[in-house]
$ cat structure04.cif   # mmCIF, C-alpha atoms
data_query
#
loop_
_atom_site.group_PDB
_atom_site.id
_atom_site.type_symbol
_atom_site.label_atom_id
_atom_site.label_comp_id
_atom_site.auth_asym_id
_atom_site.auth_seq_id
_atom_site.Cartn_x
_atom_site.Cartn_y
_atom_site.Cartn_z
ATOM 1 C CA MET A 1 5.814 -66.123 72.796
ATOM 2 C CA HIS A 2 4.781 -63.955 75.726
ATOM 3 C CA CYS A 3 6.123 -65.254 79.036
ATOM 4 C CA ASN A 4 5.511 -63.733 82.429
ATOM 5 C CA GLY A 5 6.039 -64.821 85.985
ATOM 6 C CA LEU A 6 8.512 -67.557 86.660
ATOM 7 C CA ASP A 7 11.705 -66.229 85.215
ATOM 8 C CA GLY A 8 15.066 -65.938 86.921
ATOM 9 C CA ASP A 9 14.269 -62.559 88.477
ATOM 10 C CA LEU A 10 11.195 -63.858 90.219
ATOM 11 C CA LEU A 11 13.043 -66.854 91.640
ATOM 12 C CA ALA A 12 15.746 -64.541 92.954
ATOM 13 C CA LEU A 13 13.066 -62.275 94.384
ATOM 14 C CA LEU A 14 11.365 -65.173 96.151
ATOM 15 C CA ALA A 15 14.674 -66.284 97.588
ATOM 16 C CA GLU A 16 15.287 -62.732 98.773
ATOM 17 C CA SER A 17 12.033 -62.805 100.741
ATOM 18 C CA HIS A 18 13.650 -65.140 103.283
ATOM 19 C CA GLY A 19 15.699 -62.154 104.451
ATOM 20 C CA LEU A 20 12.561 -60.228 105.397
ATOM 21 C CA ASN A 21 10.817 -60.354 108.749
ATOM 22 C CA ALA A 22 7.609 -62.280 107.976
ATOM 23 C CA ARG A 23 6.004 -60.985 111.188
ATOM 24 C CA VAL A 24 5.519 -57.515 109.697
ATOM 25 C CA PHE A 25 3.372 -58.880 106.859
ATOM 26 C CA SER A 26 -0.074 -58.064 108.157
ATOM 27 C CA LEU A 27 -2.135 -55.209 106.781
ATOM 28 C CA LEU A 28 -2.189 -53.257 110.018
ATOM 29 C CA ARG A 29 1.530 -53.653 110.729
ATOM 30 C CA LEU A 30 2.406 -52.553 107.210
ATOM 31 C CA GLN A 31 0.069 -49.556 107.560
ATOM 32 C CA LEU A 32 1.683 -48.626 110.863
ATOM 33 C CA LEU A 33 5.205 -48.912 109.502
ATOM 34 C CA GLN A 34 4.358 -46.925 106.377
ATOM 35 C CA GLY A 35 2.456 -44.246 108.283
ATOM 36 C CA LEU A 36 5.094 -43.764 110.946
ATOM 37 C CA ALA A 37 8.055 -44.014 108.549
ATOM 38 C CA SER A 38 6.674 -41.065 106.585
ATOM 39 C CA LEU A 39 6.517 -38.973 109.772
ATOM 40 C CA GLY A 40 10.068 -39.690 110.899
ATOM 41 C CA PRO A 41 11.025 -38.688 114.442
ATOM 42 C CA ASP A 42 7.807 -36.777 115.062
ATOM 43 C CA GLY A 43 5.646 -39.907 115.166
ATOM 44 C CA ALA A 44 1.925 -39.945 115.845
ATOM 45 C CA THR A 45 -0.272 -40.301 118.893
ATOM 46 C CA TYR A 46 -2.380 -43.373 119.605
ATOM 47 C CA ARG A 47 -5.604 -41.442 118.997
ATOM 48 C CA GLU A 48 -4.354 -40.195 115.613
ATOM 49 C CA LEU A 49 -3.425 -43.730 114.545
ATOM 50 C CA LYS A 50 -6.788 -45.070 115.689
ATOM 51 C CA ALA A 51 -8.758 -42.370 113.839
ATOM 52 C CA ALA A 52 -6.768 -42.684 110.617
ATOM 53 C CA LEU A 53 -6.620 -46.481 110.468
ATOM 54 C CA GLU A 54 -10.143 -47.088 111.807
ATOM 55 C CA VAL A 55 -9.265 -50.152 113.844
ATOM 56 C CA SER A 56 -10.332 -51.389 117.244
ATOM 57 C CA ASP A 57 -8.315 -50.553 120.344
ATOM 58 C CA GLY A 58 -7.485 -54.228 120.787
ATOM 59 C CA ALA A 59 -6.059 -54.678 117.299
ATOM 60 C CA LEU A 60 -4.158 -51.399 117.348
ATOM 61 C CA TYR A 61 -2.645 -51.839 120.784
ATOM 62 C CA ALA A 62 -1.635 -55.457 120.181
ATOM 63 C CA ASN A 63 0.060 -54.614 116.899
ATOM 64 C CA LEU A 64 1.823 -51.566 118.317
ATOM 65 C CA LEU A 65 3.171 -53.726 121.145
ATOM 66 C CA ALA A 66 4.304 -56.379 118.654
ATOM 67 C CA LEU A 67 6.201 -53.815 116.583
ATOM 68 C CA ILE A 68 7.753 -52.344 119.733
ATOM 69 C CA ALA A 69 8.848 -55.850 120.788
ATOM 70 C CA MET A 70 10.502 -56.295 117.373
ATOM 71 C CA GLY A 71 12.413 -53.056 117.988
ATOM 72 C CA TYR A 72 10.708 -51.260 115.100
ATOM 73 C CA LEU A 73 8.716 -48.702 117.106
ATOM 74 C CA GLU A 74 9.211 -46.813 120.343
ATOM 75 C CA SER A 75 6.722 -44.901 122.449
ATOM 76 C CA GLU A 76 6.795 -41.854 124.669
ATOM 77 C CA THR A 77 4.263 -39.854 126.626
ATOM 78 C CA VAL A 78 3.512 -36.409 125.225
ATOM 79 C CA SER A 79 1.221 -33.636 126.386
ATOM 80 C CA VAL A 80 -1.398 -31.986 124.159
ATOM 81 C CA GLU A 81 -3.812 -29.432 125.640
ATOM 82 C CA ASN A 82 -3.037 -30.714 129.131
ATOM 83 C CA LYS A 83 -3.768 -34.324 128.195
ATOM 84 C CA GLU A 84 -1.128 -37.014 128.506
ATOM 85 C CA LEU A 85 -1.057 -39.038 125.291
ATOM 86 C CA GLU A 86 0.978 -41.982 124.123
ATOM 87 C CA SER A 87 2.958 -41.210 120.966
ATOM 88 C CA TYR A 88 4.696 -43.731 118.706
ATOM 89 C CA ARG A 89 7.586 -43.255 116.322
ATOM 90 C CA ILE A 90 9.615 -45.522 114.126
ATOM 91 C CA THR A 91 13.136 -46.546 115.157
ATOM 92 C CA THR A 92 16.151 -46.754 112.869
ATOM 93 C CA ALA A 93 15.716 -50.545 112.716
ATOM 94 C CA GLY A 94 12.047 -50.037 111.872
ATOM 95 C CA SER A 95 12.858 -47.608 109.065
ATOM 96 C CA GLN A 96 15.422 -50.005 107.627
ATOM 97 C CA GLU A 97 13.020 -52.955 107.764
ATOM 98 C CA TRP A 98 10.259 -50.881 106.186
ATOM 99 C CA GLU A 99 12.627 -49.828 103.361
ATOM 100 C CA ARG A 100 13.496 -53.470 102.702
ATOM 101 C CA VAL A 101 9.860 -54.606 102.787
ATOM 102 C CA ARG A 102 8.653 -51.730 100.602
ATOM 103 C CA ASP A 103 11.405 -52.287 98.057
ATOM 104 C CA TRP A 104 10.703 -56.001 97.972
ATOM 105 C CA LEU A 105 6.922 -55.545 97.650
ATOM 106 C CA CYS A 106 7.334 -53.051 94.810
ATOM 107 C CA ARG A 107 9.610 -55.377 92.889
ATOM 108 C CA PHE A 108 7.421 -58.392 93.660
ATOM 109 C CA CYS A 109 4.298 -56.687 92.314
ATOM 110 C CA GLU A 110 6.135 -55.517 89.186
ATOM 111 C CA CYS A 111 7.670 -58.905 88.555
ATOM 112 C CA GLY A 112 4.975 -61.364 89.468
ATOM 113 C CA GLY A 113 1.879 -59.229 89.573
ATOM 114 C CA ASP A 114 1.050 -58.658 85.891
ATOM 115 C CA ARG A 115 -2.727 -58.382 86.309
ATOM 116 C CA HIS A 116 -3.177 -57.585 82.623
ATOM 117 C CA ALA A 117 -1.628 -60.881 81.512
ATOM 118 C CA GLU A 118 -3.878 -63.376 79.751
ATOM 119 C CA PRO A 119 -4.730 -66.442 81.827
ATOM 120 C CA MET B 1 15.847 -19.615 103.612
ATOM 121 C CA LEU B 2 13.134 -17.146 102.546
ATOM 122 C CA ASN B 3 10.496 -19.665 103.644
ATOM 123 C CA ARG B 4 12.037 -19.883 107.082
ATOM 124 C CA ASP B 5 12.500 -16.127 107.434
ATOM 125 C CA LYS B 6 8.852 -15.575 106.604
ATOM 126 C CA VAL B 7 7.729 -18.168 109.124
ATOM 127 C CA ILE B 8 9.960 -16.754 111.834
ATOM 128 C CA GLU B 9 8.812 -13.201 111.227
ATOM 129 C CA SER B 10 5.195 -14.402 111.292
ATOM 130 C CA PHE B 11 5.762 -16.122 114.634
ATOM 131 C CA HIS B 12 7.386 -12.931 115.907
ATOM 132 C CA GLN B 13 4.316 -10.940 114.853
ATOM 133 C CA LEU B 14 2.011 -13.509 116.503
ATOM 134 C CA GLY B 15 4.076 -13.527 119.688
ATOM 135 C CA PHE B 16 4.522 -17.279 119.316
ATOM 136 C CA ALA B 17 7.846 -18.677 120.542
ATOM 137 C CA PRO B 18 7.545 -22.463 120.191
ATOM 138 C CA ARG B 19 9.603 -24.958 122.145
ATOM 139 C CA VAL B 20 10.663 -27.242 119.322
ATOM 140 C CA GLU B 21 11.216 -30.148 121.708
ATOM 141 C CA ALA B 22 7.544 -30.074 122.761
ATOM 142 C CA PHE B 23 5.217 -32.267 120.703
ATOM 143 C CA GLU B 24 2.351 -29.821 121.219
ATOM 144 C CA ASP B 25 4.363 -26.864 119.905
ATOM 145 C CA ARG B 26 5.444 -28.840 116.840
ATOM 146 C CA ILE B 27 1.747 -29.379 116.069
ATOM 147 C CA LEU B 28 1.240 -25.621 116.345
ATOM 148 C CA ILE B 29 4.182 -24.916 114.018
ATOM 149 C CA GLN B 30 2.865 -27.349 111.409
ATOM 150 C CA LYS B 31 -0.704 -26.088 111.446
ATOM 151 C CA CYS B 32 0.080 -22.360 111.720
ATOM 152 C CA VAL B 33 2.407 -22.509 108.714
ATOM 153 C CA LEU B 34 -0.072 -24.452 106.569
ATOM 154 C CA LEU B 35 -2.924 -22.049 107.338
ATOM 155 C CA LEU B 36 -0.732 -18.995 106.778
ATOM 156 C CA GLN B 37 0.587 -20.482 103.546
ATOM 157 C CA LEU B 38 -2.933 -21.158 102.275
ATOM 158 C CA GLY B 39 -3.880 -17.656 103.395
ATOM 159 C CA GLY B 40 -1.240 -16.199 101.071
ATOM 160 C CA LEU B 41 1.929 -15.880 103.151
ATOM 161 C CA GLY B 42 4.043 -16.764 100.129
ATOM 162 C CA THR B 43 5.896 -19.736 101.606
ATOM 163 C CA THR B 44 6.213 -22.960 99.636
ATOM 164 C CA TYR B 45 6.414 -25.773 102.175
ATOM 165 C CA PRO B 46 5.359 -29.073 100.551
ATOM 166 C CA TYR B 47 2.510 -30.432 102.682
ATOM 167 C CA ARG B 48 1.168 -33.928 102.093
ATOM 168 C CA LEU B 49 -1.603 -35.885 103.730
ATOM 169 C CA HIS B 50 -0.173 -38.236 106.353
ATOM 170 C CA ILE B 51 -1.659 -40.453 109.012
ATOM 171 C CA ARG B 52 -1.841 -37.336 111.210
ATOM 172 C CA GLY B 53 -3.454 -35.153 108.557
ATOM 173 C CA PRO B 54 -1.577 -32.552 106.521
ATOM 174 C CA TYR B 55 2.058 -32.497 107.530
ATOM 175 C CA CYS B 56 5.345 -31.190 106.121
ATOM 176 C CA VAL B 57 8.378 -33.332 106.907
ATOM 177 C CA GLU B 58 10.741 -30.648 105.599
ATOM 178 C CA LEU B 59 9.325 -28.032 107.979
ATOM 179 C CA ASN B 60 9.783 -30.358 110.929
ATOM 180 C CA ARG B 61 13.403 -30.970 109.922
ATOM 181 C CA GLU B 62 13.950 -27.245 109.558
ATOM 182 C CA ALA B 63 12.498 -26.535 112.994
ATOM 183 C CA PHE B 64 15.000 -28.931 114.596
ATOM 184 C CA ALA B 65 17.940 -27.778 112.450
ATOM 185 C CA HIS B 66 17.282 -24.088 113.230
ATOM 186 C CA ARG B 67 15.819 -24.530 116.649
ATOM 187 C CA ALA B 68 17.289 -21.360 118.161
ATOM 188 C CA GLU B 69 15.725 -19.202 115.447
ATOM 189 C CA PHE B 70 12.310 -20.816 115.921
ATOM 190 C CA GLU B 71 12.437 -20.589 119.693
ATOM 191 C CA ALA B 72 13.330 -16.886 119.747
ATOM 192 C CA PRO B 73 11.639 -15.530 116.621
ATOM 193 C CA GLY B 74 12.711 -12.043 115.657
ATOM 194 C CA GLN B 75 12.003 -9.375 113.083
ATOM 195 C CA ARG B 76 13.326 -10.345 109.624
ATOM 196 C CA ASP B 77 11.852 -7.608 107.416
ATOM 197 C CA VAL B 78 10.812 -10.108 104.758
ATOM 198 C CA LEU B 79 7.038 -9.781 104.993
ATOM 199 C CA ASP B 80 5.352 -7.188 102.830
ATOM 200 C CA GLU B 81 2.318 -5.208 103.948
ATOM 201 C CA LYS B 82 -0.146 -7.735 102.521
ATOM 202 C CA GLU B 83 1.606 -10.635 104.273
ATOM 203 C CA ARG B 84 1.661 -8.779 107.580
ATOM 204 C CA ALA B 85 -2.084 -8.240 107.182
ATOM 205 C CA ILE B 86 -2.544 -11.998 106.590
ATOM 206 C CA VAL B 87 -0.632 -12.792 109.777
ATOM 207 C CA ALA B 88 -2.667 -10.210 111.683
ATOM 208 C CA ALA B 89 -5.916 -11.744 110.387
ATOM 209 C CA PHE B 90 -4.661 -15.187 111.393
ATOM 210 C CA GLY B 91 -3.912 -13.913 114.909
ATOM 211 C CA GLU B 92 -7.386 -12.385 115.191
ATOM 212 C CA THR B 93 -9.096 -15.543 113.930
ATOM 213 C CA PHE B 94 -7.314 -18.382 115.699
ATOM 214 C CA GLU B 95 -6.225 -19.195 119.203
ATOM 215 C CA LEU B 96 -2.914 -21.034 119.391
ATOM 216 C CA ARG B 97 -4.569 -24.268 120.457
ATOM 217 C CA PRO B 98 -3.555 -27.584 118.847
ATOM 218 C CA ASN B 99 -7.050 -29.089 118.495
ATOM 219 C CA GLN B 100 -8.559 -26.008 116.890
ATOM 220 C CA LEU B 101 -5.633 -25.546 114.489
ATOM 221 C CA GLU B 102 -5.469 -29.263 113.616
ATOM 222 C CA VAL B 103 -9.112 -29.275 112.591
ATOM 223 C CA ALA B 104 -8.860 -25.956 110.734
ATOM 224 C CA ALA B 105 -5.703 -26.980 108.856
ATOM 225 C CA THR B 106 -7.102 -30.393 107.926
ATOM 226 C CA TYR B 107 -10.329 -28.878 106.599
ATOM 227 C CA ALA B 108 -8.374 -26.225 104.682
ATOM 228 C CA TYR B 109 -6.063 -28.861 103.182
ATOM 229 C CA PHE B 110 -9.012 -30.902 101.911
ATOM 230 C CA VAL B 111 -10.624 -27.838 100.347
ATOM 231 C CA SER B 112 -7.598 -25.960 98.992
ATOM 232 C CA CYS B 113 -5.141 -28.761 98.186
ATOM 233 C CA ASP B 114 -7.414 -31.698 97.384
ATOM 234 C CA GLY B 115 -10.145 -29.539 95.823
ATOM 235 C CA LEU B 116 -12.962 -31.196 97.785
ATOM 236 C CA ASP B 117 -16.314 -29.484 98.144
ATOM 237 C CA PRO B 118 -17.025 -28.097 101.642
ATOM 238 C CA VAL B 119 -19.434 -30.896 102.593
ATOM 239 C CA GLU B 120 -16.988 -33.671 101.739
ATOM 240 C CA ALA B 121 -14.084 -31.775 103.325
ATOM 241 C CA HIS B 122 -16.166 -31.384 106.481
ATOM 242 C CA ARG B 123 -17.003 -35.114 106.526
ATOM 243 C CA ARG B 124 -13.392 -36.218 106.065
ATOM 244 C CA THR B 125 -12.095 -33.752 108.643
ATOM 245 C CA ARG B 126 -14.542 -35.017 111.242
ATOM 246 C CA LYS B 127 -13.458 -38.573 110.496
ATOM 247 C CA LEU B 128 -9.713 -37.959 110.601
ATOM 248 C CA LYS B 129 -9.973 -35.789 113.718
ATOM 249 C CA SER B 130 -12.698 -37.836 115.385
ATOM 250 C CA PHE B 131 -10.820 -37.649 118.700
ATOM 251 C CA VAL B 132 -11.401 -33.881 118.879
ATOM 252 C CA PRO B 133 -14.658 -33.011 120.705
ATOM 253 C CA ALA B 134 -17.487 -32.067 118.315
ATOM 254 C CA ALA B 135 -17.696 -28.480 119.584
ATOM 255 C CA GLN B 136 -13.984 -27.941 118.912
ATOM 256 C CA GLN B 137 -14.329 -29.525 115.472
ATOM 257 C CA ALA B 138 -17.118 -27.077 114.620
ATOM 258 C CA LEU B 139 -15.078 -24.175 115.930
ATOM 259 C CA GLY B 140 -11.974 -25.171 113.955
ATOM 260 C CA ILE B 141 -13.887 -25.541 110.698
ATOM 261 C CA SER B 142 -15.758 -22.303 111.257
ATOM 262 C CA ARG B 143 -12.502 -20.405 111.924
ATOM 263 C CA ALA B 144 -10.884 -21.908 108.810
ATOM 264 C CA LYS B 145 -13.836 -20.709 106.753
ATOM 265 C CA ARG B 146 -13.669 -17.259 108.277
ATOM 266 C CA PHE B 147 -9.926 -16.951 107.619
ATOM 267 C CA LEU B 148 -9.656 -18.574 104.197
ATOM 268 C CA TYR B 149 -13.061 -18.689 102.577
ATOM 269 C CA PRO B 150 -15.049 -15.597 103.528
ATOM 270 C CA PRO B 151 -18.399 -15.357 101.731
ATOM 271 C CA THR B 152 -18.568 -13.161 98.633
ATOM 272 C CA GLU B 153 -20.869 -10.152 98.487
ATOM 273 C CA GLU B 154 -23.272 -12.134 96.336
ATOM 274 C CA GLU B 155 -23.327 -14.990 98.876
ATOM 275 C CA MET B 156 -23.934 -12.467 101.650
ATOM 276 C CA ARG B 157 -26.873 -10.978 99.696
ATOM 277 C CA GLU B 158 -28.310 -14.458 99.142
ATOM 278 C CA MET B 159 -27.952 -15.288 102.827
ATOM 279 C CA LYS B 160 -29.634 -12.039 103.862
ATOM 280 C CA ASP B 161 -32.535 -12.794 101.508
ATOM 281 C CA GLU B 162 -32.773 -16.348 102.798
ATOM 282 C CA PHE B 163 -32.772 -15.374 106.456
ATOM 283 C CA ALA B 164 -34.813 -12.159 106.140
ATOM 284 C CA LEU B 165 -38.062 -13.874 107.108
ATOM 285 C CA TRP B 166 -36.591 -15.462 110.232
ATOM 286 C CA GLN B 167 -34.871 -12.242 111.173
ATOM 287 C CA SER B 168 -38.028 -10.140 110.953
ATOM 288 C CA ALA B 169 -40.019 -12.819 112.781
ATOM 289 C CA SER B 170 -37.456 -12.865 115.560
ATOM 290 C CA LEU B 171 -37.458 -9.047 115.782
ATOM 291 C CA ARG B 172 -41.254 -9.040 115.989
ATOM 292 C CA SER B 173 -41.140 -11.699 118.670
ATOM 293 C CA ALA B 174 -38.502 -9.784 120.644
ATOM 294 C CA GLY B 175 -40.669 -6.644 120.361
ATOM 295 C CA ARG B 176 -43.684 -8.480 121.791
ATOM 296 C CA ASP B 177 -41.591 -9.852 124.668
ATOM 297 C CA HIS B 178 -40.477 -6.315 125.431
ATOM 298 C CA GLU B 179 -44.033 -4.937 125.639
#
$ encode --input "structure04.cif" --output "structure tokens"
Amino acid sequence: MHCNGLDGDLLALLAESHGLNARVFSLLRLQLLQGLASLGPDGATYRELKAALEVSDGALYANLLALIAMGYLESETVSVENKELESYRITTAGSQEWERVRDWLCRFCECGGDRHAEP
Amino acid sequence: MLNRDKVIESFHQLGFAPRVEAFEDRILIQKCVLLLQLGGLGTTYPYRLHIRGPYCVELNREAFAHRAEFEAPGQRDVLDEKERAIVAAFGETFELRPNQLEVAATYAYFVSCDGLDPVEAHRRTRKLKSFVPAAQQALGISRAKRFLYPPTEEEMREMKDEFALWQSASLRSAGRDHE
């Protein structure tokens, strides 16, 4: 008999999810954490994030502020070709949270996300 | 080590002494090295496409770890004649300006690393660097083409044939204006 889904591992995985910060689980916040985690201390400017993620100013700014308030991002003013720009980089806490979320998501999709399984 | 020596000697040849602490100079380091590498410098920095365009995390780490060497680049005697010529061509083609180099490096990455055709590479570059004014985008892409993808003799012949009519018409018109 082929069984998938609700085995012991999945239950443990679901229980583990309580240790994650549920407020980072929105598409844009996950994209920001992933994008900035891969750049490390160098970070990215607001205009680079906006162009790459193709989101409105309102959505981007609100989500950046939310992640800063959680202690996951920090901002600084940088100068590029005589223009003052706001740049954002991930903090140590942000990197750690992203690692936890990424690890959990990967295991969750492997464990409970068998899209080839018969209904 | 050889990678770094080549980069530092290239910067020395270009007269570029970056301040590693400055965000703008780190952009220049990233983009100069990618373009030189694609031009045949012989370095092997692993660039990947990030939210900011092509970027090498290892190079950034190296710049901070060996900051003094980057900030006062000196002669290393590791570049051969061909590599020195590549650096010279780079210096003649590009200005050390972040916007121009960002656009050029992004276009070059799409063409040389992702294997995209020029039209698609152009489209994606304009999208990813949409904050760069259109004139600077055009300049960056044009400089990347001049440095990395010069037309072959056959392409030049085809272009001359294609534009011959316009050229002679314009010469005739200029002649009439002169009379």
$ interface_residues --input "structure04.cif" --of "chain A" --to "chain B" --cutoff "6 Å" --atoms "all atoms listed in the file" --output "ChimeraX atom specification"
/A:35,48,51-52,80
$ resolve_selection --input "structure04.cif" --expression "the PyMOL selection byres ((chain A and resi 73) around 12)" --output "PyMOL selection string"
chain A and resi 24+29+32-37+40-41+43-44+63-72+74-76+87-98
$ atom_distance --input "structure04.cif" --atom1 "CA of Glu153 in chain B" --atom2 "CA of Ser173 in chain B"
28.6 Å
$ resolve_selection --input "structure04.cif" --expression "the PyMOL selection byres ((chain B and resi 36) around 10)" --output "ChimeraX atom specification"
/B:7,10,31-35,37-43,83,86-87,89-90,105,147-148
$ residues_near_point --input "structure04.cif" --point "(13.6, -22.2, 120.6)" --cutoff "7 Å" --atoms "all atoms listed in the file" --output "PyMOL selection string"
chain B and resi 17-20+67-72
$ atom_distance --input "structure04.cif" --atom1 "CA of Leu28 in chain B" --atom2 "CA of Ala63 in chain B"
11.8 Å
$ residues_around --input "structure04.cif" --residues "Ser17 in chain A" --least-positions-apart "2" --cutoff "12 Å" --atoms "only C-alpha atoms" --output "tab-separated table (two decimals) with C-alpha atoms, in the coordinates of the input"
chain	number	residue	atom	x	y	z
A	10	LEU	CA	11.20	-63.86	90.22
A	11	LEU	CA	13.04	-66.85	91.64
A	12	ALA	CA	15.75	-64.54	92.95
A	13	LEU	CA	13.07	-62.28	94.38
A	14	LEU	CA	11.36	-65.17	96.15
A	15	ALA	CA	14.67	-66.28	97.59
A	19	GLY	CA	15.70	-62.15	104.45
A	20	LEU	CA	12.56	-60.23	105.40
A	21	ASN	CA	10.82	-60.35	108.75
A	22	ALA	CA	7.61	-62.28	107.98
A	25	PHE	CA	3.37	-58.88	106.86
A	100	ARG	CA	13.50	-53.47	102.70
A	101	VAL	CA	9.86	-54.61	102.79
A	102	ARG	CA	8.65	-51.73	100.60
A	103	ASP	CA	11.40	-52.29	98.06
A	104	TRP	CA	10.70	-56.00	97.97
A	105	LEU	CA	6.92	-55.54	97.65
A	107	ARG	CA	9.61	-55.38	92.89
A	108	PHE	CA	7.42	-58.39	93.66
$ atom_distance --input "structure04.cif" --atom1 "CA of Arg143 in chain B" --atom2 "CA of Phe94 in chain B"
6.7 Å
$ axis_aligned_box --input "structure04.cif" --around "range 65-80 of chain B" --padding-each-side "8 Å" --output "lines of an AutoDock Vina configuration file"
center_x = 11.6
center_y = -17.5
center_z = 111.3
size_x = 28.6
size_y = 36.6
size_z = 32.9
$ closest_residue --input "structure04.cif" --among "A:Leu39, A:Thr45, A:Lys83, A:Glu99" --to "Pro54 in chain B" --atoms "all atoms listed in the file"
A:Leu39
$ resolve_selection --input "structure04.cif" --expression "the PyMOL selection byres ((chain B and resi 107-109) around 7)" --output "compact mmCIF listing (two decimals) with C-alpha atoms, keeping the file's coordinate frame"
# COMPACT_ATOMS: atom_id res chain seq x y z
CA PRO B 54 -1.58 -32.55 106.52
CA VAL B 103 -9.11 -29.28 112.59
CA ALA B 104 -8.86 -25.96 110.73
CA ALA B 105 -5.70 -26.98 108.86
CA THR B 106 -7.10 -30.39 107.93
CA PHE B 110 -9.01 -30.90 101.91
CA VAL B 111 -10.62 -27.84 100.35
CA SER B 112 -7.60 -25.96 98.99
CA CYS B 113 -5.14 -28.76 98.19
CA ASP B 114 -7.41 -31.70 97.38
CA ALA B 121 -14.08 -31.78 103.32
CA HIS B 122 -16.17 -31.38 106.48
CA THR B 125 -12.10 -33.75 108.64
CA ILE B 141 -13.89 -25.54 110.70
CA ALA B 144 -10.88 -21.91 108.81
$ decode --input "structure04.cif" --residues "range 31-43 of chain A" --atoms "N, CA and C atoms" --output "PDB file, in the first residue's frame"
ATOM      1  N   GLN A  31      10.394  36.817  -0.491  1.00  0.00           N
ATOM      2  CA  GLN A  31      11.263  37.236  -1.599  1.00  0.00           C
ATOM      3  C   GLN A  31      12.342  38.204  -1.099  1.00  0.00           C
ATOM      4  N   LEU A  32      11.945  39.102  -0.221  1.00  0.00           N
ATOM      5  CA  LEU A  32      12.911  40.068   0.310  1.00  0.00           C
ATOM      6  C   LEU A  32      13.974  39.369   1.156  1.00  0.00           C
ATOM      7  N   LEU A  33      13.532  38.462   2.007  1.00  0.00           N
ATOM      8  CA  LEU A  33      14.501  37.755   2.852  1.00  0.00           C
ATOM      9  C   LEU A  33      15.449  36.919   2.002  1.00  0.00           C
ATOM     10  N   GLN A  34      14.894  36.205   1.029  1.00  0.00           N
ATOM     11  CA  GLN A  34      15.741  35.362   0.175  1.00  0.00           C
ATOM     12  C   GLN A  34      16.733  36.235  -0.614  1.00  0.00           C
ATOM     13  N   GLY A  35      16.199  37.282  -1.224  1.00  0.00           N
ATOM     14  CA  GLY A  35      17.041  38.138  -2.069  1.00  0.00           C
ATOM     15  C   GLY A  35      18.156  38.803  -1.278  1.00  0.00           C
ATOM     16  N   LEU A  36      17.837  39.288  -0.097  1.00  0.00           N
ATOM     17  CA  LEU A  36      18.840  40.006   0.681  1.00  0.00           C
ATOM     18  C   LEU A  36      19.780  39.048   1.417  1.00  0.00           C
ATOM     19  N   ALA A  37      19.281  37.861   1.765  1.00  0.00           N
ATOM     20  CA  ALA A  37      20.163  36.874   2.418  1.00  0.00           C
ATOM     21  C   ALA A  37      21.270  36.464   1.453  1.00  0.00           C
ATOM     22  N   SER A  38      20.937  36.340   0.168  1.00  0.00           N
ATOM     23  CA  SER A  38      21.949  35.887  -0.791  1.00  0.00           C
ATOM     24  C   SER A  38      23.003  36.963  -1.056  1.00  0.00           C
ATOM     25  N   LEU A  39      22.701  38.209  -0.693  1.00  0.00           N
ATOM     26  CA  LEU A  39      23.663  39.293  -0.923  1.00  0.00           C
ATOM     27  C   LEU A  39      24.501  39.616   0.311  1.00  0.00           C
ATOM     28  N   GLY A  40      24.130  39.042   1.434  1.00  0.00           N
ATOM     29  CA  GLY A  40      24.910  39.256   2.660  1.00  0.00           C
ATOM     30  C   GLY A  40      24.997  40.718   3.048  1.00  0.00           C
ATOM     31  N   PRO A  41      26.164  41.145   3.535  1.00  0.00           N
ATOM     32  CA  PRO A  41      26.278  42.509   4.081  1.00  0.00           C
ATOM     33  C   PRO A  41      26.179  43.614   3.036  1.00  0.00           C
ATOM     34  N   ASP A  42      26.282  43.276   1.774  1.00  0.00           N
ATOM     35  CA  ASP A  42      26.230  44.305   0.740  1.00  0.00           C
ATOM     36  C   ASP A  42      24.819  44.867   0.558  1.00  0.00           C
ATOM     37  N   GLY A  43      23.813  44.020   0.694  1.00  0.00           N
ATOM     38  CA  GLY A  43      22.433  44.485   0.581  1.00  0.00           C
ATOM     39  C   GLY A  43      22.073  44.973  -0.811  1.00  0.00           C
TER      40      GLY A  43
END
